[in-house]
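Participant: So I've got this file, coords-v9.cif, and it contains mmCIF, C-alpha atoms:
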data_work
loop_
_atom_site.label_atom_id
_atom_site.label_comp_id
_atom_site.auth_asym_id
_atom_site.auth_seq_id
_atom_site.Cartn_x
_atom_site.Cartn_y
_atom_site.Cartn_z
CA MET A 1 9.86 -5.11 0.87
CA THR A 2 9.60 -2.83 -2.15
CA ASP A 3 7.02 -3.07 -4.88
CA VAL A 4 8.34 -2.99 -8.43
CA VAL A 5 6.11 -2.03 -11.32
CA SER A 6 7.06 -3.08 -14.85
CA PHE A 7 5.67 -1.15 -17.79
CA GLY A 8 5.62 -1.67 -21.55
CA PRO A 9 3.11 -1.11 -24.33
CA ASP A 10 2.48 -4.75 -25.14
CA LYS A 11 1.85 -5.96 -21.60
CA PRO A 12 -1.60 -6.47 -20.09
CA PRO A 13 -3.01 -3.89 -17.65
CA TRP A 14 -1.92 -4.17 -14.03
CA ARG A 15 -4.47 -4.88 -11.34
CA PRO A 16 -3.67 -4.53 -7.62
CA SER A 17 -4.91 -8.01 -6.81
CA ARG A 18 -2.33 -9.75 -9.00
CA ARG A 19 0.35 -11.76 -7.35
CA LEU A 20 3.82 -12.76 -8.46
CA ILE A 21 4.08 -13.63 -12.12
CA ALA A 22 6.85 -15.57 -13.81
CA SER A 23 8.47 -12.56 -15.44
CA GLY A 24 8.15 -10.66 -12.20
CA VAL A 25 10.35 -13.17 -10.42
CA VAL A 26 13.15 -12.32 -12.81
CA VAL A 27 12.63 -8.60 -12.29
CA ALA A 28 12.61 -8.90 -8.54
CA ALA A 29 15.63 -11.16 -8.41
CA ALA A 30 17.70 -8.74 -10.42
CA LEU A 31 16.55 -5.73 -8.49
CA ALA A 32 17.45 -7.40 -5.23
CA LEU A 33 21.06 -6.91 -6.26
CA PHE A 34 20.57 -3.22 -5.50
CA VAL A 35 20.23 -4.11 -1.86
CA ALA A 36 22.92 -6.73 -1.80
CA THR A 37 25.52 -4.44 -3.35
CA ARG A 38 24.44 -1.09 -1.90
CA GLY A 39 23.07 -1.90 1.53
CA GLU A 40 26.28 -0.90 3.30
CA ASP A 41 27.01 2.17 1.17
CA GLN A 42 25.72 4.86 3.50
CA ALA A 43 28.36 7.51 2.78
CA ALA A 44 27.96 10.42 0.36
CA ALA A 45 27.78 9.15 -3.20
CA PRO A 46 28.74 11.88 -5.67
CA VAL A 47 29.11 11.16 -9.37
CA THR A 48 32.61 11.58 -10.74
CA PRO A 49 33.14 13.09 -14.20
CA THR A 50 35.13 10.06 -15.37
CA PRO A 51 33.33 6.70 -15.51
CA SER A 52 35.01 4.24 -13.17
CA SER A 53 34.05 0.87 -14.63
CA CYS A 54 32.81 0.82 -18.21
CA MET A 55 30.92 -2.37 -19.03
CA GLY A 56 31.25 -2.82 -22.76
CA THR A 57 28.59 -5.51 -22.76
CA ALA A 58 25.60 -6.22 -20.61
CA PRO A 59 26.62 -7.89 -17.33
CA PRO A 60 25.17 -11.29 -16.44
CA LEU A 61 21.99 -11.22 -14.39
CA ARG A 62 22.68 -11.78 -10.73
CA THR A 63 20.08 -13.09 -8.35
CA GLY A 64 19.01 -12.40 -4.82
CA THR A 65 15.94 -12.42 -2.62
CA PRO A 66 12.92 -11.61 -4.80
CA ALA A 67 10.63 -8.72 -3.99
CA ARG A 68 6.90 -8.82 -4.53
CA VAL A 69 6.18 -7.54 -8.02
CA ILE A 70 3.02 -5.48 -8.43
CA GLY A 71 2.48 -6.26 -12.05
CA SER A 72 3.40 -5.68 -15.65
CA ALA A 73 1.19 -2.89 -16.90
CA PRO A 74 2.08 -0.96 -20.04
CA VAL A 75 3.57 2.50 -19.66
CA ALA A 76 4.77 4.23 -22.74
CA GLY A 77 4.06 7.08 -25.00
CA SER A 78 5.04 10.30 -23.22
CA ALA A 79 6.81 12.79 -25.48
CA ARG A 80 8.23 14.23 -22.29
CA VAL A 81 10.79 11.45 -22.27
CA ALA A 82 10.88 9.98 -25.72
CA GLY A 83 10.47 12.91 -28.06
CA SER A 84 12.98 14.18 -30.56
CA ALA A 85 13.40 17.81 -29.55
CA ARG A 86 16.44 18.91 -27.62
CA VAL A 87 15.88 20.25 -24.09
CA ALA A 88 17.24 23.67 -23.26
CA GLY A 89 20.02 23.34 -25.78
CA SER A 90 21.70 20.38 -24.10
CA ALA A 91 22.50 17.07 -25.70
CA PRO A 92 20.98 14.80 -23.09
CA GLY A 93 22.98 11.65 -22.87
CA ALA A 94 22.51 10.41 -26.38
CA GLY A 95 19.71 9.52 -28.66
CA SER A 96 16.66 11.73 -28.90
CA ALA A 97 15.67 14.01 -26.07
CA PRO A 98 12.38 15.48 -25.02
CA GLY A 99 11.25 18.98 -25.59
CA ALA A 100 11.09 21.41 -22.77
CA GLY A 101 7.60 22.87 -22.83
CA SER A 102 8.68 26.22 -21.53
CA ALA A 103 6.34 27.75 -19.07
CA PRO A 104 8.58 30.66 -18.19
CA GLY A 105 9.50 30.90 -14.60
CA ALA A 106 12.45 31.19 -12.29
CA GLY A 107 13.61 30.01 -8.98
CA SER A 108 12.65 26.85 -7.23
CA ALA A 109 9.10 25.67 -7.36
CA PRO A 110 7.14 26.52 -4.26
CA GLY A 111 6.37 23.73 -1.94
CA ALA A 112 7.31 22.32 1.37
CA GLY A 113 8.41 18.99 2.58
CA SER A 114 11.30 16.65 2.49
CA ALA A 115 11.25 13.86 -0.01
CA PRO A 116 11.53 13.44 -3.77
CA VAL A 117 8.61 11.73 -5.37
CA ALA A 118 7.89 11.23 -9.00
CA GLY A 119 5.10 13.52 -9.67
CA SER A 120 5.22 16.06 -6.87
CA ALA A 121 6.97 19.27 -5.92
CA ARG A 122 10.39 20.34 -4.77
CA VAL A 123 11.40 20.69 -1.15
CA ALA A 124 10.89 24.24 0.03
CA GLY A 125 13.90 26.47 0.32
CA SER A 126 16.26 24.30 -1.69
CA ALA A 127 18.11 25.64 -4.67
CA PRO A 128 17.11 23.75 -7.79
CA GLY A 129 19.76 21.35 -8.92
CA ALA A 130 21.64 21.95 -5.70
CA GLY A 131 21.08 18.61 -4.15
CA SER A 132 17.69 18.77 -2.57
CA ALA A 133 15.37 15.85 -3.06
CA PRO A 134 12.80 16.52 -5.79
CA GLY A 135 9.62 16.50 -3.79
CA THR A 136 7.00 18.70 -2.28
CA GLY A 137 5.53 17.50 0.88
CA SER A 138 6.90 15.17 3.44
CA ALA A 139 7.49 11.46 3.42
CA PRO A 140 8.85 9.36 6.26
CA ASP A 141 12.27 7.86 5.68
CA ALA A 142 12.04 4.32 4.41
CA GLY A 143 14.97 3.76 2.12
CA SER A 144 13.79 0.66 0.33
CA ALA A 145 15.63 -0.27 -2.83
CA PRO A 146 14.10 -1.68 -5.97
CA GLY A 147 14.82 -5.17 -4.78
CA ALA A 148 14.17 -6.37 -1.26
CA GLY A 149 15.00 -5.22 2.22
CA SER A 150 16.47 -1.81 2.96
CA ALA A 151 19.09 0.16 1.10
CA PRO A 152 20.65 3.61 1.20
CA ALA A 153 17.89 6.12 0.54
CA ALA A 154 19.93 9.04 -0.56
CA VAL A 155 22.63 9.32 1.69
CA THR A 156 22.98 12.83 2.83
CA GLY A 157 19.53 13.58 3.99
CA SER A 158 16.92 10.89 3.79
CA ALA A 159 15.87 10.48 0.18
CA PRO A 160 17.60 9.91 -3.16
CA VAL A 161 18.11 13.03 -5.24
CA ALA A 162 18.68 11.05 -8.43
CA VAL A 163 19.63 7.57 -9.65
CA VAL A 164 22.73 6.68 -11.68
CA ILE A 165 23.49 3.46 -13.53
CA ASP A 166 26.90 2.06 -12.65
CA GLY A 167 29.18 0.72 -15.37
CA ALA A 168 28.26 3.32 -18.01
CA CYS A 169 30.99 4.11 -20.54
CA SER A 170 30.27 7.84 -20.26
CA ILE A 171 28.82 10.02 -17.57
CA GLY A 172 25.09 10.62 -17.82
CA SER A 173 23.49 13.97 -18.55
CA GLY A 174 21.39 15.52 -15.76
CA LEU A 175 18.07 17.18 -16.53
CA GLU A 176 15.79 18.84 -14.00
CA ARG A 177 12.21 19.25 -15.20
CA ARG A 178 11.09 22.15 -13.06
CA ASP A 179 7.45 23.10 -12.68
CA THR A 180 7.33 26.53 -11.07
CA THR A 181 3.54 26.53 -10.85
CA ALA A 182 2.99 23.07 -9.35
CA ALA A 183 2.02 24.47 -5.95
CA SER A 184 -0.81 26.45 -7.48
CA GLY A 185 -2.42 23.25 -8.76
CA PRO A 186 -4.02 20.35 -6.85
CA TRP A 187 -2.42 18.87 -3.74
CA THR A 188 -2.41 15.25 -2.61
CA VAL A 189 -2.38 13.22 0.58
CA VAL A 190 -1.36 9.57 0.30
CA VAL A 191 -3.07 7.33 2.87
CA ARG A 192 -2.26 3.64 3.29
CA ARG A 193 -3.18 0.74 5.46
CA ASP A 194 -0.42 -0.56 7.67
CA GLY A 195 1.73 -2.66 5.37
CA GLY A 196 0.45 -0.96 2.20
CA SER A 197 2.71 0.09 -0.64
CA PHE A 198 2.74 2.08 -3.86
CA GLY A 199 -0.57 1.52 -5.62
CA HIS A 200 -1.64 -1.15 -3.14
CA ASP A 201 -3.79 -1.02 0.00
CA GLY A 202 -4.17 2.72 -0.05
CA ALA A 203 -5.80 5.82 -1.46
CA VAL A 204 -4.81 9.25 -2.75
CA VAL A 205 -6.74 12.34 -1.70
CA THR A 206 -6.60 15.13 -4.32
CA TYR A 207 -7.88 18.68 -3.81
CA PRO A 208 -9.18 20.67 -5.57
CA VAL A 209 -10.62 18.72 -8.51
CA PRO A 210 -13.49 19.43 -10.91
CA ARG A 211 -16.85 18.08 -9.88
CA GLU A 212 -16.90 14.33 -10.49
CA THR A 213 -19.29 11.45 -10.04
CA ALA A 214 -18.49 8.85 -7.39
CA ALA A 215 -17.63 5.43 -8.80
CA PRO A 216 -16.13 2.13 -7.63
CA GLY A 217 -12.77 2.97 -6.10
CA LYS A 218 -13.60 6.68 -5.89
CA VAL A 219 -15.38 8.96 -3.42
CA VAL A 220 -16.01 12.67 -4.02
CA LYS A 221 -16.54 15.14 -1.18
CA ALA A 222 -17.83 18.69 -1.62
CA PHE A 223 -16.42 21.71 0.24
CA GLY A 224 -18.77 24.47 -0.77
CA ARG A 225 -18.21 24.90 -4.50
CA SER A 226 -14.95 22.97 -4.54
CA TYR A 227 -14.40 19.22 -4.46
CA ALA A 228 -11.94 16.63 -3.19
CA ARG A 229 -11.46 13.16 -4.68
CA ILE A 230 -10.48 10.08 -2.68
CA ARG A 231 -9.34 7.31 -5.03
CA GLY A 232 -7.70 3.98 -4.25
CA ASP A 233 -8.07 0.21 -4.02
CA LEU A 234 -9.53 0.19 -0.50
CA PRO A 235 -13.11 -0.98 0.13
CA ALA A 236 -15.77 1.71 -0.19
CA PRO A 237 -16.32 1.99 3.59
CA ASP A 238 -12.60 2.75 4.05
CA LEU A 239 -12.64 5.39 1.31
CA ARG A 240 -15.68 7.01 2.95
CA ALA A 241 -13.94 6.88 6.34
CA ILE A 242 -11.01 8.81 4.84
CA ALA A 243 -13.46 11.31 3.34
CA ASP A 244 -15.12 11.77 6.74
CA ARG A 245 -11.73 12.67 8.25
CA LEU A 246 -10.75 15.04 5.45
CA THR A 247 -10.62 18.80 6.01
CA ILE A 248 -9.17 21.71 4.04
CA ALA A 249 -6.63 24.06 5.63
CA GLY A 250 -4.99 26.88 3.71
CA GLY A 251 -6.36 25.50 0.46
CA ARG A 252 -4.74 22.10 0.99
CA PRO A 253 -6.19 18.74 2.06
CA VAL A 254 -5.54 17.46 5.57
CA VAL A 255 -6.44 13.92 6.66
CA ARG A 256 -6.75 12.42 10.12
CA PRO A 257 -6.28 8.81 9.09
CA PRO A 258 -8.70 6.15 10.31
CA GLU A 259 -7.46 3.49 12.69
CA GLY A 260 -5.08 1.06 10.97
CA MET A 261 -4.07 3.62 8.36
CA SER A 262 -1.50 6.38 8.16
CA VAL A 263 -0.61 9.36 6.02
CA VAL A 264 2.66 8.49 4.27
CA ALA A 265 3.13 11.58 2.09
CA THR A 266 1.66 14.94 1.17
CA GLY A 267 2.54 17.17 -1.74
CA THR A 268 1.54 18.73 -5.02
CA TYR A 269 -0.20 16.57 -7.61
CA ARG A 270 2.24 17.62 -10.33
CA PRO A 271 5.90 17.20 -9.40
CA ALA A 272 7.58 20.55 -8.97
CA SER A 273 10.84 18.86 -9.88
CA ILE A 274 11.80 15.65 -11.66
CA HIS A 275 15.50 14.74 -11.62
CA GLU A 276 16.44 12.70 -14.67
CA ILE A 277 19.80 11.26 -15.71
CA ARG A 278 20.02 10.33 -19.37
CA TYR A 279 22.40 7.98 -21.17
CA GLY A 280 22.99 6.88 -24.70
CA THR A 281 21.90 3.24 -24.50
CA ALA A 282 25.10 2.17 -26.25
CA THR A 283 27.14 3.49 -23.30
CA LEU A 284 25.31 1.04 -21.03
CA GLY A 285 26.01 -2.07 -23.12
CA GLU A 286 22.33 -2.72 -23.89
CA GLN A 287 22.02 -1.30 -27.40
CA ASP A 288 21.55 -4.72 -29.03
CA THR A 289 18.34 -5.16 -27.04
CA LEU A 290 17.06 -1.66 -26.35
CA GLY A 291 18.23 -0.03 -29.57
CA GLY A 292 20.54 2.90 -30.10
CA GLY A 293 18.36 5.54 -28.45
CA LEU A 294 18.09 6.94 -24.97
CA THR A 295 17.95 5.32 -21.54
CA TYR A 296 16.97 7.48 -18.58
CA THR A 297 16.44 7.33 -14.83
CA GLY A 298 14.23 9.62 -12.77
CA VAL A 299 13.23 10.50 -9.22
CA ALA A 300 10.23 12.63 -8.28
CA ALA A 301 7.34 13.03 -5.86
CA ALA A 302 4.75 10.29 -6.31
CA GLY A 303 1.33 11.59 -5.26
CA GLY A 304 0.00 12.27 -8.74
CA TYR A 305 1.59 9.12 -10.15
CA GLU A 306 -0.04 6.92 -7.52
CA ASP A 307 -3.42 8.52 -8.17
CA HIS A 308 -2.93 7.87 -11.91
CA LEU A 309 -2.08 4.24 -11.16
CA TYR A 310 -5.29 3.81 -9.18
CA ALA A 311 -7.28 5.47 -11.98
CA TYR A 312 -5.91 3.57 -14.97
CA GLY A 313 -4.24 0.47 -13.58
CA ASN A 314 -0.93 1.42 -15.23
CA LEU A 315 1.42 4.36 -15.76
CA THR A 316 1.49 4.12 -19.54
CA ALA A 317 0.87 7.79 -20.23
CA ALA A 318 2.87 9.06 -17.27
CA LEU A 319 6.44 7.76 -17.53
CA GLY A 320 7.02 7.76 -21.28
CA GLY A 321 9.37 5.92 -23.60
CA ASN A 322 8.91 2.41 -24.93
CA GLY A 323 9.05 0.76 -21.51
CA ALA A 324 10.01 1.42 -17.90
CA LEU A 325 10.51 -0.09 -14.47
CA ALA A 326 9.37 1.93 -11.45
CA TRP A 327 9.77 1.48 -7.71
CA GLU A 328 9.23 3.42 -4.51
CA PRO A 329 12.54 4.18 -2.77
CA LYS A 330 10.58 5.58 0.16
CA PRO A 331 6.91 6.37 0.77
CA GLY A 332 5.92 9.35 -1.31
CA LEU A 333 8.71 8.95 -3.87
CA ILE A 334 8.94 7.20 -7.21
CA ALA A 335 12.12 6.20 -9.02
CA PHE A 336 12.17 4.77 -12.52
CA ILE A 337 14.34 3.52 -15.38
CA GLY A 338 13.03 3.73 -18.93
CA TYR A 339 14.21 3.78 -22.50
CA SER A 340 13.34 5.07 -25.95
CA GLY A 341 14.29 2.80 -28.83
CA ALA A 342 13.25 -0.75 -29.67
CA GLN A 343 9.68 -1.94 -29.24
CA GLN A 344 9.02 -3.38 -25.79
CA ASN A 345 9.12 -7.16 -25.40
CA ASP A 346 10.39 -9.78 -22.96
CA ALA A 347 14.00 -9.14 -23.99
CA THR A 348 13.77 -5.38 -23.37
CA SER A 349 12.12 -6.05 -20.00
CA SER A 350 15.09 -8.24 -19.08
CA ALA A 351 17.48 -5.50 -20.20
CA LEU A 352 15.73 -2.96 -17.97
CA THR A 353 15.97 -5.45 -15.13
CA ARG A 354 19.73 -5.70 -15.65
CA LEU A 355 20.04 -1.93 -15.65
CA ALA A 356 17.93 -1.66 -12.49
CA ALA A 357 20.34 -4.07 -10.83
CA ARG A 358 23.10 -1.54 -11.56
CA ALA A 359 21.10 1.45 -10.31
CA ARG A 360 22.45 3.51 -7.42
CA PRO A 361 20.88 6.47 -5.60
CA ILE A 362 23.02 9.60 -5.34
CA ASN A 363 22.93 12.66 -3.12
CA GLY A 364 23.12 16.37 -3.82
CA ASP A 365 26.87 16.38 -4.41
CA GLY A 366 26.47 13.75 -7.09
CA TRP A 367 23.60 15.60 -8.70
CA ARG A 368 25.52 18.91 -8.76
CA ALA A 369 28.53 17.18 -10.30
CA LEU A 370 26.39 16.48 -13.35
CA ASN A 371 25.78 20.22 -13.86
CA PRO A 372 22.16 19.44 -14.77
CA THR A 373 20.25 21.39 -17.38
CA VAL A 374 17.04 22.99 -16.12
CA ALA A 375 13.93 22.85 -18.30
CA VAL A 376 11.06 24.97 -16.99
CA GLN A 377 7.81 23.28 -17.94
CA SER A 378 4.54 21.92 -16.63
CA ASN A 379 5.04 18.41 -15.25
CA ASP A 380 1.57 17.27 -16.15
CA ILE A 381 0.42 13.75 -15.30
CA PRO A 382 -2.24 12.75 -17.84
#
Give the structure from this file in C-alpha cells form.

Facilitator:
Amino acid sequence: MTDVVSFGPDKPPWRPSRRLIASGVVVAAALALFVATRGEDQAAAPVTPTPSSCMGTAPPLRTGTPARVIGSAPVAGSARVAGSARVAGSAPGAGSAPGAGSAPGAGSAPGAGSAPVAGSARVAGSAPGAGSAPGTGSAPDAGSAPGAGSAPAAVTGSAPVAVVIDGACSIGSGLERRDTTAASGPWTVVVRRDGGSFGHDGAVVTYPVPRETAAPGKVVKAFGRSYARIRGDLPAPDLRAIADRLTIAGGRPVVRPPEGMSVVATGTYRPASIHEIRYGTATLGEQDTLGGGLTYTGVAAAGGYEDHLYAYGNLTAALGGNGALAWEPKPGLIAFIGYSGAQQNDATSSALTRLAARARPINGDGWRALNPTVAVQSNDIP
C-alpha cells in the first residue's frame, strides 16, 4: 500500500509516527481511484496531441480503498516550480513558469540504474526526453499507485517516465529539468526495514558530505578525510548497524543491509532528471479553487528527497508551489502533483486530491509526444 504525503504552507509539520488523520482519509480515498481505474491498463500509454475528454468542471470525488497517509506537512516555496520566469523560451502549460538556472551542459546526465525518482539521476545510456525513466540508480519494480494496491508502473519498462492528468482541456507542456553534473555530487543508498515505505521505517545513506555532528536520527561515519551520513527514523542501534555495513567503492556508498532490512534504491542525491508536465489550472477545471496559475506533475529519483524528509519532517522547500501531493510509485521514485496560485487551504488540498485521482503514468512514447523542453540546471534539494 502506497504512502501519500500532503504538503501545504499552512499545515503542521509531518512526523513519521502519525497515523491516519481525517483529511488524509479523503486524500487516500480519492487516490485509490488511480488503482481502480488504471490497474488493468498495462499497455503502452502515449499522450495524444488532442485531448480526449475535456472536463470543463472539476469531476466529483470518487472513493475507493484508502491508503495509509503519512501526514500533512507543508511543502511550498521553491522558485523552481512557482517562479515567474519562462524556461528555455517555452510557454509551459499556462500561468507562470520557473526559471531555468542554466548550468551549461549537454547530453544526458551521467548515472546508472533503472528507475525515475524525484531527486536523483537519469538512467545511464538513455537519451534525455526519449522515454527513459528519470532516475539514477536502481530500484526494484513495485508499481504502486498513489492510492492502494498495485497499478501500472510505467508500462514499457518498469517505472513511470512522467504523469499526466486525464480530462485536461489542452495537452500539457513537458519540461525536463536536466542536471548534467548530478553524478559528480553526493550519492545515496536508501535502506528500509521489511514493510517500510517512503520516509518511514528506513534511512538514507549519503556520501560524501561535509563533516557533521551525530544527532538523534543521524549517524556520521568517517572514511579518512571524507564522511558519510546515515539519517532516518530507525532506532540508533539500527542506524549504527547500517553504518557498520557501509563501505565506499569507486567513490560511491555501498551497503550490506542488516538482517530484516534491504537496499531499495541507489542513486545521486540530486536528480539528474526531473520530468514535469505543466498545465494551466483553468484547463483542468480547478481554477475556482486553485487559482488561474499553473498546475504541474513530476517524476524523479527520490534519494535526496527522502533524506530531506527525514531531516526536516516535510518537503516544503523541495517541491515548490503553494501546495503539493507526493507519492512513491515504486521504491526509489517520487511522483508529485502541485500548483502555483491560491493560498493553500483545505479546499485546495481537496482539489489536488481530485487531480491525483485523474493522474496516469505514461511511458517514453507518451513523454516524447509532448516534445518536452530541456532546461539544463542544478536540481538542488535544499

Participant: Which polymer residues have any atom within 8 Å of an atom of His275 (chain A), counting all atoms listed in the file, with same-chain residues fewer than 5 positions away left out, as a list in words?

Facilitator: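 Residues meeting the cut-off are Pro134, Val161, Ala162, Gly174, Leu175, Glu176, Arg177, Gly298, Val299 and Ala300 of chain A.
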
Participant: Using only C-alpha atoms, please write the residues we just selected to a file, as an mmCIF file, keeping the file's coordinate frame.

Facilitator:
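Saved result, selection-v6.cif, follows:
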data_model
loop_
_atom_site.group_PDB
_atom_site.id
_atom_site.type_symbol
_atom_site.label_atom_id
_atom_site.label_comp_id
_atom_site.auth_asym_id
_atom_site.auth_seq_id
_atom_site.Cartn_x
_atom_site.Cartn_y
_atom_site.Cartn_z
ATOM 1 C CA PRO A 134 12.800 16.520 -5.790
ATOM 2 C CA VAL A 161 18.110 13.030 -5.240
ATOM 3 C CA ALA A 162 18.680 11.050 -8.430
ATOM 4 C CA GLY A 174 21.390 15.520 -15.760
ATOM 5 C CA LEU A 175 18.070 17.180 -16.530
ATOM 6 C CA GLU A 176 15.790 18.840 -14.000
ATOM 7 C CA ARG A 177 12.210 19.250 -15.200
ATOM 8 C CA GLY A 298 14.230 9.620 -12.770
ATOM 9 C CA VAL A 299 13.230 10.500 -9.220
ATOM 10 C CA ALA A 300 10.230 12.630 -8.280
#

Participant: What is the distance between CA of Ala302 (chain A) and CA of Gly224 (chain A), in Å to one decimal?

Facilitator: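 Taking CA of Ala302 (chain A) as the start and CA of Gly224 (chain A) as the end point, the length is 28.0 Å.
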
Participant: From the options A:Gly280, A:Ala215, A:Leu290, A:Ala311, which residue's atoms come nearest to Gln344 (chain A), counting all atoms listed in the file?

Facilitator: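 Using all atoms listed in the file, Gln344 (chain A) sits closest to A:Leu290.
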
Participant: Looking at all atoms listed in the file, which of A:Arg225, A:Arg178, A:Arg368, A:His200 is the one that sits closest to Glu328 (chain A)?

Facilitator: A:His200

Participant: Out of A:Pro235, A:Gly260, A:Gly323, A:Pro329, which residue has the shortest atom-to-atom distance to Ala359 (chain A) when counting only C-alpha atoms?

Facilitator: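 Among A:Pro235, A:Gly260, A:Gly323, A:Pro329, it is A:Pro329 that comes nearest to Ala359 (chain A).
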
Participant: What would the selection look like, as an MDAnalysis selection string, if the PyMOL selection byres ((chain A and resi 303) around 8) were run on the coordinates I just shared?

Facilitator: chainID A and resid 117:120 188:190 204 265:270 301:302 304:307 332:333

Participant: Kindly save the residues from that selection, with C-alpha atoms included, as a PDB file, in the coordinates of the input.

Facilitator:
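Here's the written file out29.pdb:
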ATOM      1  CA  VAL A 117       8.610  11.730  -5.370  1.00  0.00           C
ATOM      2  CA  ALA A 118       7.890  11.230  -9.000  1.00  0.00           C
ATOM      3  CA  GLY A 119       5.100  13.520  -9.670  1.00  0.00           C
ATOM      4  CA  SER A 120       5.220  16.060  -6.870  1.00  0.00           C
ATOM      5  CA  THR A 188      -2.410  15.250  -2.610  1.00  0.00           C
ATOM      6  CA  VAL A 189      -2.380  13.220   0.580  1.00  0.00           C
ATOM      7  CA  VAL A 190      -1.360   9.570   0.300  1.00  0.00           C
ATOM      8  CA  VAL A 204      -4.810   9.250  -2.750  1.00  0.00           C
ATOM      9  CA  ALA A 265       3.130  11.580   2.090  1.00  0.00           C
ATOM     10  CA  THR A 266       1.660  14.940   1.170  1.00  0.00           C
ATOM     11  CA  GLY A 267       2.540  17.170  -1.740  1.00  0.00           C
ATOM     12  CA  THR A 268       1.540  18.730  -5.020  1.00  0.00           C
ATOM     13  CA  TYR A 269      -0.200  16.570  -7.610  1.00  0.00           C
ATOM     14  CA  ARG A 270       2.240  17.620 -10.330  1.00  0.00           C
ATOM     15  CA  ALA A 301       7.340  13.030  -5.860  1.00  0.00           C
ATOM     16  CA  ALA A 302       4.750  10.290  -6.310  1.00  0.00           C
ATOM     17  CA  GLY A 304       0.000  12.270  -8.740  1.00  0.00           C
ATOM     18  CA  TYR A 305       1.590   9.120 -10.150  1.00  0.00           C
ATOM     19  CA  GLU A 306      -0.040   6.920  -7.520  1.00  0.00           C
ATOM     20  CA  ASP A 307      -3.420   8.520  -8.170  1.00  0.00           C
ATOM     21  CA  GLY A 332       5.920   9.350  -1.310  1.00  0.00           C
ATOM     22  CA  LEU A 333       8.710   8.950  -3.870  1.00  0.00           C
TER      23      LEU A 333
END

Participant: What is the CA of Ser350 (chain A)-CA of Val164 (chain A) distance in Å, reported with one decimal?

Facilitator: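 Answer for the CA of Ser350 (chain A) to CA of Val164 (chain A) separation: 18.3 Å.
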
Participant: Find, counting only C-alpha atoms, the residue in A:Thr353, A:Thr180, A:Thr348, A:Thr247 that gets nearest to Thr206 (chain A).

Facilitator: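 Residue with the minimum atom-to-atom distance to Thr206 (chain A): A:Thr247.
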
Participant: What does the distance from CA of Ile274 (chain A) to CA of Tyr227 (chain A) come to in Å, to one decimal?

Facilitator: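 Distance reported for this atom pair: 27.4 Å.
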
Participant: Using all atoms listed in the file, pick whichever of A:Trp187, A:Val263, A:Gly172, A:Pro331 has the shortest atom-to-atom distance to Ala369 (chain A).

Facilitator: A:Gly172

Participant: Looking at A:Ala236, A:Ala272, A:Ile248, A:Ala317, which one is nearest to Gln377 (chain A), with distances taken over all atoms listed in the file?

Facilitator: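 Of A:Ala236, A:Ala272, A:Ile248, A:Ala317, the one nearest Gln377 (chain A) is A:Ala272, counting all atoms listed in the file.
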
Participant: Give the centre and edge lengths of an axis-aligned box, in Å to one decimal, that holds all listed atoms of region 259-262 of chain A with 4 Å on each side, as AutoDock Vina command-line options.

Facilitator:
--center_x -4.5 --center_y 3.7 --center_z 10.4 --size_x 14.0 --size_y 13.3 --size_z 12.5

Participant: For the PyMOL selection byres ((chain A and resi 295) around 12), applied here, can you spell out every residue it catches as a VMD selection string?

Facilitator: chain A and resid 81 to 82 92 to 97 164 to 165 168 172 to 173 276 to 287 289 to 294 296 to 298 320 to 325 336 to 342 348 351 to 352 355 to 356
